[in-house]
file upload-v7.txt (compact mmCIF, C-alpha atoms)
# COMPACT_ATOMS: atom_id res chain seq x y z
CA MET A 207 140.84 80.04 102.23
CA PHE A 208 138.48 77.05 102.27
CA ARG A 209 137.42 78.01 105.77
CA PHE A 210 136.61 81.53 104.62
CA PHE A 211 134.41 80.24 101.81
CA TYR A 212 132.78 77.80 104.17
CA LEU A 213 131.96 80.61 106.59
CA CYS A 214 130.54 82.65 103.71
CA LEU A 215 128.29 79.80 102.67
CA LEU A 216 127.10 79.34 106.24
CA ARG A 217 126.46 83.05 106.47
CA LEU A 218 124.11 82.76 103.51
CA HIS A 219 121.96 80.15 105.24
CA PRO A 220 118.62 81.15 106.78
CA ARG A 221 119.00 82.88 110.10
CA THR A 222 117.22 80.25 112.17
CA PHE A 223 119.34 77.45 110.78
CA ARG A 224 122.51 79.51 111.07
CA GLN A 225 121.93 80.47 114.68
CA ARG A 226 121.16 76.89 115.61
CA PHE A 227 123.87 74.93 113.80
CA ALA A 228 126.49 77.20 112.22
CA GLU A 229 128.91 77.00 115.18
CA GLU A 230 128.80 73.24 115.16
CA MET A 231 129.28 73.09 111.41
CA VAL A 232 132.37 75.27 111.71
CA ALA A 233 133.62 73.04 114.51
CA ILE A 234 133.23 70.03 112.23
CA PHE A 235 135.08 71.87 109.47
CA ASP A 236 137.90 72.62 111.90
CA GLU A 237 138.09 68.95 112.83
CA THR A 238 138.42 67.97 109.18
CA THR A 239 141.88 67.76 107.67
CA GLY A 240 142.90 67.45 104.04
CA LYS A 241 141.89 69.65 101.16
CA ARG A 242 139.75 66.98 99.56
CA SER A 243 137.67 66.55 102.71
CA GLN A 244 137.33 70.28 103.13
CA GLY A 245 136.30 70.59 99.49
CA LEU A 246 133.60 68.00 100.08
CA LEU A 247 132.39 70.01 103.07
CA LEU A 248 132.21 73.09 100.87
CA ALA A 249 130.10 71.20 98.34
CA ASP A 250 127.92 69.90 101.15
CA ALA A 251 127.39 73.44 102.46
CA LEU A 252 126.44 74.59 98.97
CA VAL A 253 123.84 71.85 98.65
CA SER A 254 122.60 72.61 102.14
CA LEU A 255 122.24 76.27 101.21
CA GLY A 256 119.98 75.44 98.29
CA ARG A 257 118.02 72.93 100.35
CA GLN A 258 117.37 75.37 103.18
CA TRP A 259 116.21 78.18 100.93
CA VAL A 260 114.23 76.11 98.44
CA LEU A 261 112.88 73.08 100.26
CA ARG A 262 112.64 74.28 103.84
CA ARG A 263 111.01 77.66 103.39
CA GLY A 264 107.52 76.40 104.12
CA SER A 265 108.63 74.57 107.24
CA ARG A 266 110.43 77.64 108.54
CA ARG A 267 107.42 79.84 107.99
CA ARG A 268 105.22 77.41 109.87
CA ALA A 269 107.72 77.43 112.71
CA PHE A 270 107.55 81.21 112.84
CA ALA A 271 103.79 81.26 112.54
CA GLY A 272 102.88 79.41 115.67
CA GLY A 273 105.05 76.61 116.85
CA VAL A 274 106.07 73.59 114.93
CA THR A 275 103.84 70.61 114.96
CA GLU A 276 104.77 67.09 114.16
CA ARG A 277 102.31 67.08 111.33
CA SER A 278 104.06 69.92 109.54
CA TYR A 279 106.94 67.73 108.37
CA ASN A 280 104.69 65.03 107.05
CA GLU A 281 103.18 67.37 104.50
CA PRO A 282 105.03 67.98 101.30
CA VAL A 283 106.11 71.61 101.12
CA PHE A 284 104.23 72.18 97.90
CA HIS A 285 100.94 71.58 99.74
CA THR A 286 101.31 74.70 101.85
CA PHE A 287 99.16 77.67 100.93
CA GLU A 288 100.18 80.69 102.88
CA SER A 289 99.89 84.42 102.43
CA PHE A 290 103.47 85.34 101.63
CA ARG A 291 104.46 88.94 102.22
CA PRO A 292 107.74 90.15 100.81
CA HIS A 293 110.20 91.84 103.11
CA ARG A 294 109.76 95.61 103.45
CA GLY A 295 113.32 96.25 102.28
CA ILE A 296 112.69 94.24 99.13
CA LEU A 297 109.55 96.25 98.42
CA THR A 298 111.47 99.50 98.90
CA ALA A 299 114.26 98.35 96.61
CA GLY A 300 111.67 97.32 94.02
CA ALA A 301 109.99 100.71 94.20
CA VAL A 302 113.30 102.53 93.73
CA LEU A 303 114.26 100.30 90.81
CA SER A 304 110.85 100.87 89.21
CA LEU A 305 111.24 104.64 89.53
CA VAL A 306 114.72 104.54 88.01
CA PHE A 307 113.51 102.34 85.16
CA PHE A 308 110.48 104.56 84.55
CA GLY A 309 112.67 107.66 84.55
CA ALA A 310 115.10 106.10 82.09
CA ILE A 311 112.30 105.09 79.73
CA THR A 312 110.72 108.55 79.94
CA PHE A 313 114.06 110.23 79.28
CA THR A 314 114.73 107.94 76.31
CA ILE A 315 111.31 108.59 74.79
CA GLY A 316 111.72 112.32 75.31
CA ARG A 317 115.07 112.33 73.57
CA GLY A 318 113.94 109.98 70.85
CA GLY A 319 111.46 112.41 69.29
CA ARG A 320 114.15 114.41 67.49
CA PRO A 321 116.81 112.93 65.25
CA ALA A 322 120.37 113.52 66.25
CA GLU A 323 121.95 116.55 64.67
CA LEU A 324 125.14 115.58 62.93
CA LEU A 325 127.74 117.81 61.41
CA ILE A 326 129.37 116.33 58.36
CA GLY A 327 132.71 117.67 57.27
CA ALA A 328 134.88 120.38 58.74
CA ARG A 329 133.77 123.93 59.42
CA HIS A 330 137.18 125.25 58.48
CA PRO A 331 138.79 123.62 55.45
CA ARG A 332 142.14 122.05 56.16
CA ARG A 333 144.62 120.55 53.83
CA SER A 334 144.12 117.15 55.30
CA VAL A 335 141.98 115.81 58.08
CA LEU A 336 143.71 112.44 58.14
CA PRO A 337 146.30 112.08 60.90
CA VAL A 338 148.45 109.73 58.87
CA GLN A 339 151.12 110.64 56.39
CA ARG A 340 151.62 108.14 53.63
CA SER A 341 152.79 108.53 50.13
CA SER A 342 149.59 106.96 48.82
CA ILE A 343 147.50 109.65 50.50
CA GLN A 344 147.79 112.97 48.82
CA PRO A 345 146.67 116.02 50.79
CA ALA A 346 143.70 117.68 49.19
CA ASP A 347 141.35 120.52 49.92
CA PRO A 348 137.70 119.58 50.49
CA THR A 349 135.70 120.02 47.33
CA THR A 350 132.28 119.44 48.84
CA ASP A 351 130.58 122.21 50.74
CA VAL A 352 128.26 120.57 53.25
CA LYS A 353 125.66 122.81 54.80
CA ILE A 354 123.57 121.83 57.75
CA ARG A 355 120.15 123.32 58.06
CA ASP A 356 119.50 125.07 61.30
CA PRO A 357 116.74 122.99 62.91
CA VAL A 358 115.64 125.82 65.21
CA ASP A 359 115.45 128.53 62.55
CA PRO A 360 112.14 130.36 63.17
CA TRP A 361 112.22 131.64 59.64
CA ARG A 362 112.21 128.25 58.04
CA LYS A 363 108.44 127.81 57.99
CA PHE A 364 107.94 131.24 56.54
CA ALA A 365 110.77 130.69 54.06
CA ALA A 366 109.14 127.50 52.79
CA PHE A 367 105.92 129.42 52.17
CA TYR A 368 107.69 132.36 50.57
CA PHE A 369 109.80 130.26 48.21
CA ASN A 370 106.65 128.37 47.21
CA VAL A 371 104.68 131.52 46.42
CA ILE A 372 107.38 133.44 44.52
CA LEU A 373 107.85 131.28 41.43
CA ALA A 374 111.14 132.91 40.55
CA LEU A 375 112.60 131.91 43.90
CA ARG A 376 111.24 128.40 43.51
CA ALA A 377 112.90 128.14 40.11
CA LEU A 378 116.20 129.47 41.39
CA ASP A 379 116.27 127.18 44.43
CA ALA A 380 116.86 123.99 42.46
CA ASP A 381 117.70 121.79 45.45
CA GLU A 382 114.79 123.19 47.51
CA ASP A 383 116.93 123.92 50.54
CA LEU A 384 115.49 127.44 50.84
CA VAL A 385 118.93 128.85 50.15
CA ILE A 386 120.08 130.05 46.74
CA SER A 387 123.60 128.76 46.67
CA ALA A 388 126.54 129.95 44.62
CA LEU A 389 125.95 127.20 42.10
CA GLU A 390 122.28 128.09 41.82
CA ILE A 391 123.20 131.75 41.34
CA ALA A 392 125.56 130.73 38.56
CA ASN A 393 122.76 128.75 36.88
CA ALA A 394 120.16 131.45 37.47
CA ALA A 395 119.68 132.28 33.78
CA ALA A 396 118.84 128.73 32.82
CA SER A 397 116.50 128.37 35.79
CA LEU A 398 114.65 131.58 35.00
CA LYS A 399 114.22 130.71 31.32
CA ARG A 400 112.16 127.71 32.38
CA LEU A 401 109.63 130.12 33.89
CA ASP A 402 108.98 131.69 30.48
CA ARG A 403 105.81 129.77 29.69
CA ASP A 404 104.84 131.79 26.65
CA GLN A 405 108.39 131.62 25.25
CA ASP A 406 108.48 135.36 24.54
CA GLY A 407 111.97 135.69 25.98
CA ARG A 408 110.90 137.77 28.99
CA LEU A 409 109.33 137.16 32.37
CA THR A 410 106.14 138.94 33.34
CA PRO A 411 105.10 139.47 36.95
CA GLU A 412 102.58 136.64 36.57
CA GLU A 413 105.31 134.28 35.40
CA CYS A 414 107.37 135.31 38.42
CA GLY A 415 104.53 134.53 40.84
CA HIS A 416 102.28 137.58 40.82
CA TYR A 417 98.71 136.37 41.32
CA LEU A 418 95.60 138.49 41.59
CA GLY A 419 93.18 135.72 42.44
CA GLU A 420 89.62 136.21 41.29
CA PHE A 421 90.47 139.74 40.16
CA GLY A 422 92.84 138.38 37.59
CA ALA A 423 90.00 136.56 35.82
CA ASP A 424 87.91 139.74 35.65
CA ALA A 425 88.01 140.88 32.03
CA GLU A 426 86.76 144.33 32.96
CA MET A 427 89.62 144.90 35.38
CA ASP A 428 91.54 147.99 34.62
CA ALA A 429 94.68 147.04 32.71
CA HIS A 430 96.46 149.98 34.24
CA PHE A 431 95.67 148.75 37.73
CA ALA A 432 96.93 145.30 36.85
CA LYS A 433 100.16 146.77 35.58
CA LEU A 434 100.58 148.83 38.73
CA THR A 435 100.12 145.81 40.98
CA GLY A 436 102.57 143.85 38.85
CA LEU A 437 105.09 146.63 39.06
CA ALA A 438 104.66 146.82 42.83
CA PHE A 439 105.11 143.07 43.04
CA MET A 440 108.36 143.19 41.12
CA ARG A 441 109.70 146.08 43.20
CA LEU A 442 108.64 144.69 46.55
CA ASN A 443 110.59 141.46 46.23
CA PRO A 444 114.37 142.06 46.47
CA VAL A 445 115.24 139.22 44.09
CA LEU A 446 112.77 140.35 41.43
CA ALA A 447 113.80 143.96 41.93
CA ALA A 448 117.43 142.96 41.42
CA LEU A 449 116.55 140.99 38.28
CA ASP A 450 114.45 143.85 36.85
CA VAL A 451 117.39 146.18 36.53
CA ASP A 452 115.59 148.83 34.45
CA GLY A 453 112.50 148.80 36.70
CA SER A 454 110.15 148.10 33.80
CA GLY A 455 108.11 145.58 35.74
CA GLU A 456 109.37 142.71 33.60
CA VAL A 457 112.60 140.71 33.36
CA SER A 458 113.83 141.04 29.83
CA ALA A 459 115.99 138.53 27.94
CA GLY A 460 119.06 140.62 28.61
CA GLU A 461 118.23 140.87 32.29
CA ILE A 462 117.76 137.09 32.40
CA ASN A 463 121.20 136.55 30.90
CA GLY A 464 122.71 138.91 33.45
CA SER A 465 120.74 137.51 36.36
CA SER A 466 123.75 135.87 38.04
CA ALA A 467 125.58 139.15 38.39
CA ALA A 468 122.42 140.88 39.56
CA LEU A 469 121.75 138.30 42.25
CA LYS A 470 125.30 138.57 43.59
CA HIS A 471 124.53 142.15 44.60
CA LEU A 472 121.98 140.82 47.11
CA ASP A 473 124.62 138.82 48.97
CA LYS A 474 125.08 141.22 51.88
CA ASN A 475 127.09 138.90 54.10
CA ALA A 476 129.32 137.75 51.24
CA ASP A 477 128.78 134.08 51.88
CA ARG A 478 128.22 133.50 48.15
CA SER A 479 124.63 132.41 48.74
CA LEU A 480 121.27 134.07 49.30
CA THR A 481 119.50 133.15 52.50
CA ILE A 482 115.98 133.99 53.61
CA ASN A 483 116.90 137.30 55.21
CA GLU A 484 118.40 138.41 51.93
CA VAL A 485 115.46 137.55 49.68
CA VAL A 486 112.51 138.61 51.87
CA PRO A 487 111.54 142.30 51.94
CA GLU A 488 112.70 144.03 55.08
CA ARG A 489 109.19 145.23 55.84
CA VAL A 490 107.92 141.67 55.83
CA GLN A 491 110.81 140.61 58.05
CA ASN A 492 109.90 143.25 60.59
CA GLN A 493 106.28 142.10 60.62
CA ILE A 494 107.36 138.51 61.18
CA ARG A 495 109.65 139.55 64.01
CA ARG A 496 106.86 141.52 65.70
CA ARG A 497 104.68 138.40 65.69
CA MET B 198 98.06 59.02 125.17
CA LYS B 199 99.71 56.54 122.90
CA THR B 200 101.84 58.10 120.19
CA ASP B 201 101.31 56.87 116.68
CA TYR B 202 104.88 56.19 115.58
CA TYR B 203 103.89 54.61 112.31
CA ARG B 204 102.93 57.88 110.72
CA PHE B 205 106.64 58.77 110.61
CA LEU B 206 107.50 55.61 108.73
CA PRO B 207 109.24 54.72 106.55
CA LEU B 208 112.26 56.72 107.61
CA ALA B 209 114.69 58.22 105.15
CA PRO B 210 118.14 56.57 105.19
CA ALA B 211 119.79 59.63 106.75
CA THR B 212 117.17 59.80 109.49
CA LEU B 213 117.49 56.11 110.23
CA HIS B 214 121.26 56.32 110.49
CA ILE B 215 121.13 59.36 112.78
CA LEU B 216 118.62 57.69 115.10
CA LEU B 217 120.69 54.52 115.10
CA ALA B 218 123.82 56.50 115.94
CA LEU B 219 122.09 58.17 118.85
CA ALA B 220 120.56 54.93 120.11
CA GLY B 221 123.77 54.00 121.93
CA GLU B 222 124.81 57.23 123.58
CA ASP B 223 124.52 60.98 123.45
CA LEU B 224 126.63 62.39 120.64
CA HIS B 225 127.56 65.75 119.16
CA GLY B 226 127.24 66.41 115.44
CA TYR B 227 130.70 65.29 114.47
CA GLY B 228 130.30 62.22 116.67
CA ILE B 229 127.09 61.33 114.84
CA MET B 230 128.91 61.61 111.52
CA LEU B 231 131.69 59.33 112.73
CA GLU B 232 129.26 56.85 114.22
CA VAL B 233 127.19 56.68 111.03
CA SER B 234 130.35 56.07 109.07
CA ARG B 235 131.41 53.35 111.50
CA GLN B 236 128.02 51.62 111.52
CA SER B 237 127.85 51.54 107.76
CA GLU B 238 131.50 50.53 107.49
CA GLY B 239 132.28 53.70 105.58
CA ARG B 240 129.66 53.13 102.90
CA TYR B 241 127.36 55.90 104.07
CA ARG B 242 128.79 59.28 104.88
CA LEU B 243 126.75 62.19 106.17
CA GLY B 244 127.75 65.74 105.38
CA PRO B 245 127.15 68.44 108.00
CA GLY B 246 124.49 70.02 105.82
CA THR B 247 122.47 66.85 105.57
CA LEU B 248 123.09 65.99 109.22
CA TYR B 249 121.89 69.29 110.64
CA ASP B 250 118.99 69.53 108.24
CA ASN B 251 117.77 66.18 109.58
CA LEU B 252 118.64 67.06 113.15
CA GLN B 253 116.61 70.23 112.89
CA ARG B 254 113.63 68.25 111.73
CA LEU B 255 114.09 65.55 114.37
CA LEU B 256 114.42 68.19 117.09
CA ASP B 257 111.25 69.87 115.94
CA GLN B 258 109.41 66.57 115.82
CA GLY B 259 110.61 65.66 119.28
CA MET B 260 112.51 62.50 118.30
CA VAL B 261 115.82 64.02 119.39
CA GLN B 262 116.59 66.29 122.31
CA GLU B 263 119.47 68.61 122.88
CA VAL B 264 121.22 67.94 126.17
CA THR B 265 123.46 70.12 128.28
CA ARG B 266 127.15 70.18 127.52
CA ARG B 267 129.31 67.63 129.17
CA PRO B 268 131.69 68.95 131.79
CA GLY B 269 135.24 69.00 130.52
CA GLU B 270 134.24 69.27 126.90
CA GLU B 271 137.07 70.92 125.01
CA ASP B 272 135.14 72.55 122.23
CA SER B 273 132.43 74.81 123.60
CA ARG B 274 130.82 74.97 120.17
CA ARG B 275 129.72 71.34 120.38
CA ARG B 276 126.19 70.43 121.34
CA TYR B 277 125.06 66.99 122.35
CA TYR B 278 121.96 65.26 121.15
CA ARG B 279 119.99 62.46 122.74
CA LEU B 280 117.39 60.09 121.37
CA SER B 281 114.04 60.77 123.05
CA SER B 282 111.54 58.11 124.00
CA MET B 283 109.52 59.08 120.99
CA GLY B 284 112.58 58.77 118.76
CA ARG B 285 113.29 55.41 120.26
CA GLY B 286 109.73 54.31 119.55
CA VAL B 287 109.94 55.49 115.95
CA LEU B 288 113.27 53.73 115.54
CA SER B 289 111.82 50.54 116.96
CA GLY B 290 108.88 50.81 114.59
CA GLU B 291 111.20 51.31 111.63
CA ILE B 292 113.34 48.34 112.62
CA ALA B 293 110.24 46.19 112.97
CA ARG B 294 109.10 47.36 109.54
CA LEU B 295 112.48 46.55 108.05
CA GLU B 296 112.46 43.15 109.71
CA GLY B 297 109.13 42.49 108.06
CA VAL B 298 110.50 43.60 104.74
CA ILE B 299 113.53 41.36 105.14
CA ARG B 300 111.38 38.44 106.21
CA ASP B 301 109.13 38.86 103.23
CA ALA B 302 112.09 39.29 100.94
CA ARG B 303 113.69 36.07 102.17
CA LEU B 304 110.42 34.25 101.82
CA CYS B 305 110.04 35.46 98.28
CA LEU B 306 113.57 34.51 97.39
CA GLU B 307 113.24 31.03 98.93
CA THR B 308 109.96 30.19 97.22
CA ALA B 309 110.86 31.69 93.88
CA LYS B 310 111.58 29.06 91.23
CA PRO B 311 114.49 29.63 88.88
CA ARG B 312 113.31 30.74 85.45
CA ARG B 313 114.05 28.68 82.42
CA SER B 314 116.00 30.50 79.82
call {"tool": "encode", "arguments": {"input": "upload-v7.txt", "output": "structure tokens"}}
result
Amino acid sequence: MFRFFYLCLLRLHPRTFRQRFAEEMVAIFDETTGKRSQGLLLADALVSLGRQWVLRRGSRRRAFAGGVTERSYNEPVFHTFESFRPHRGILTAGAVLSLVFFGAITFTIGRGGRPAELLIGARHPRRSVLPVQRSSIQPADPTTDVKIRDPVDPWRKFAAFYFNVILALRALDADEDLVISALEIANAAASLKRLDRDQDGRLTPEECGHYLGEFGADAEMDAHFAKLTGLAFMRLNPVLAALDVDGSGEVSAGEINGSSAALKHLDKNADRSLTINEVVPERVQNQIRRR
Amino acid sequence: MKTDYYRFLPLAPATLHILLALAGEDLHGYGIMLEVSRQSEGRYRLGPGTLYDNLQRLLDQGMVQEVTRRPGEEDSRRRYYRLSSMGRGVLSGEIARLEGVIRDARLCLETAKPRRS
């Protein structure tokens, strides 16, 4: 075993030294008996290895360069100034490592721009998600409905704009997730009453988000035209149309109180909530899709 | 042309012992180690690493020469080394230098007065 390690250490010596003296060094090792002596030879080879690579590099290079002169060994090695060129294999390995490192950094930066999408909770409610059965742990149904927004939904940008413009939708969407949830539908009456700025118990098209711009400030504007545009506004939006049950162009106090039931009729997919495709007019949806 | 031996002086202890070992006869590496140990009465032991590092330098400087293998040598891996005339000159110079050092040291010790405490 010692001999194997000794051969390994000799193998690590510089080639010139190895070719010149390795055989003799092995012969000396073979002459030596006793583990202590062989251990000392191992230590000696280790020291020699460091000496040859660290202290004798300059001398070896001079020997390769153009014959060894007597003067070369009188100069301390740290006085040599030579143009050192790394081995071609080392340069190749360095280039490959650099490419790998650059690729890894680029990949990491590319992936780092978007936060990880995590799903919290279970898609399908189970009685218990814990794999242990203990008396202290009572099985229970999940009471929290966690919804993850779809990060690639092309409608999201439009939905944000639409919910912002239609004041009734903004009031209904209390948590501003662009979805009118079952809880928000249940609280629809209270949310809508907050839109009644003049406290007359009913919601006009203007209070629901109808806005005529500079025409609205024109006192000479035909009142009939204003009413027609308001009526069209209320009928165009599915949510407002559902709230205005009698089609009067206004949401009366009675219609406000019955708003929860009216909104439930818009839930086409029966998921107990109103999503963007259920609150935006179909004509507008088609225009968006064509773009 | 006269060789300037003094530029190699002073010699390192390992170098001096190797040259001294080779002064008597041609020796292989292991023989040099044994001879150094014998000359120093076991107080100075050379490892193969140190030995061949010095031998490499001495060979390159021309103080030691490698000689052909002796007939009948059992181990073909062994190489024999011989002290060259230059090596002998350097060794002589080193011995003369050491003699001077010893002479001066004795002189200093003889003339030195004991200090009063």
call {"tool": "residues_around", "arguments": {"input": "upload-v7.txt", "residues": "Met230 of chain B", "least_positions_apart": "4", "cutoff": "10 Å", "atoms": "only C-alpha atoms", "output": "compact mmCIF listing (two decimals) with C-alpha atoms, keeping the file's coordinate frame"}}
result
# COMPACT_ATOMS: atom_id res chain seq x y z
CA ILE A 234 133.23 70.03 112.23
CA HIS B 214 121.26 56.32 110.49
CA ILE B 215 121.13 59.36 112.78
CA ALA B 218 123.82 56.50 115.94
CA LEU B 224 126.63 62.39 120.64
CA HIS B 225 127.56 65.75 119.16
CA GLY B 226 127.24 66.41 115.44
CA SER B 234 130.35 56.07 109.07
CA ARG B 235 131.41 53.35 111.50
CA TYR B 241 127.36 55.90 104.07
CA ARG B 242 128.79 59.28 104.88
CA LEU B 243 126.75 62.19 106.17
CA GLY B 244 127.75 65.74 105.38
CA PRO B 245 127.15 68.44 108.00
CA LEU B 248 123.09 65.99 109.22
call {"tool": "interface_residues", "arguments": {"input": "upload-v7.txt", "of": "chain A", "to": "chain B", "cutoff": "6 Å", "atoms": "all atoms listed in the file", "output": "VMD selection string"}}
result
chain A and resid 229 to 230 234 250 to 251 254 276
call {"tool": "atom_distance", "arguments": {"input": "upload-v7.txt", "atom1": "atom CA of Gln491 of chain A", "atom2": "atom CA of Asn443 of chain A"}}
result
11.9 Å
call {"tool": "atom_distance", "arguments": {"input": "upload-v7.txt", "atom1": "atom CA of Leu256 of chain B", "atom2": "atom CA of Arg285 of chain B"}}
result
13.2 Å
call {"tool": "residues_around", "arguments": {"input": "upload-v7.txt", "residues": "segment 410-418 of chain A", "least_positions_apart": "5", "cutoff": "7 Å", "atoms": "all atoms listed in the file", "output": "ChimeraX atom specification"}}
result
/A:371-374,401-402,436,439-440,455-457
call {"tool": "atom_distance", "arguments": {"input": "upload-v7.txt", "atom1": "atom CA of His219 of chain A", "atom2": "atom CA of Gly284 of chain B"}}
result
27.0 Å
call {"tool": "residues_near_point", "arguments": {"input": "upload-v7.txt", "point": "(116.3, 141.4, 47.5)", "cutoff": "10 Å", "atoms": "all atoms listed in the file", "output": "list in words"}}
result
Arg441, Leu442, Asn443, Pro444, Val445, Leu446, Ala447, Ala448, Leu449, Leu469, His471, Leu472, Asp473, Lys474, Leu480, Ile482, Asn483, Glu484, Val485, Val486, Pro487 and Glu488 of chain A
call {"tool": "residues_around", "arguments": {"input": "upload-v7.txt", "residues": "Pro207 of chain B", "least_positions_apart": "2", "cutoff": "12 Å", "atoms": "only C-alpha atoms", "output": "PyMOL selection string"}}
result
(chain A and resi 280) or (chain B and resi 202-205+209-213+287-295+298)
call {"tool": "residues_around", "arguments": {"input": "upload-v7.txt", "residues": "Glu222 of chain B", "least_positions_apart": "2", "cutoff": "9 Å", "atoms": "all atoms listed in the file", "output": "list of chain:residue names"}}
result
B:Ala218, B:Leu219, B:Ala220, B:Leu224, B:Tyr278, B:Arg279, B:Leu280
call {"tool": "residues_around", "arguments": {"input": "upload-v7.txt", "residues": "Pro220 of chain A", "least_positions_apart": "2", "cutoff": "10 Å", "atoms": "all atoms listed in the file", "output": "PyMOL selection string"}}
result
chain A and resi 216-218+222-225+255+258-259+262-263+266
call {"tool": "closest_residue", "arguments": {"input": "upload-v7.txt", "among": "B:Asp201, B:Ala302, B:Ser281, B:Gly221", "to": "Glu263 of chain B", "atoms": "all atoms listed in the file"}}
result
B:Ser281
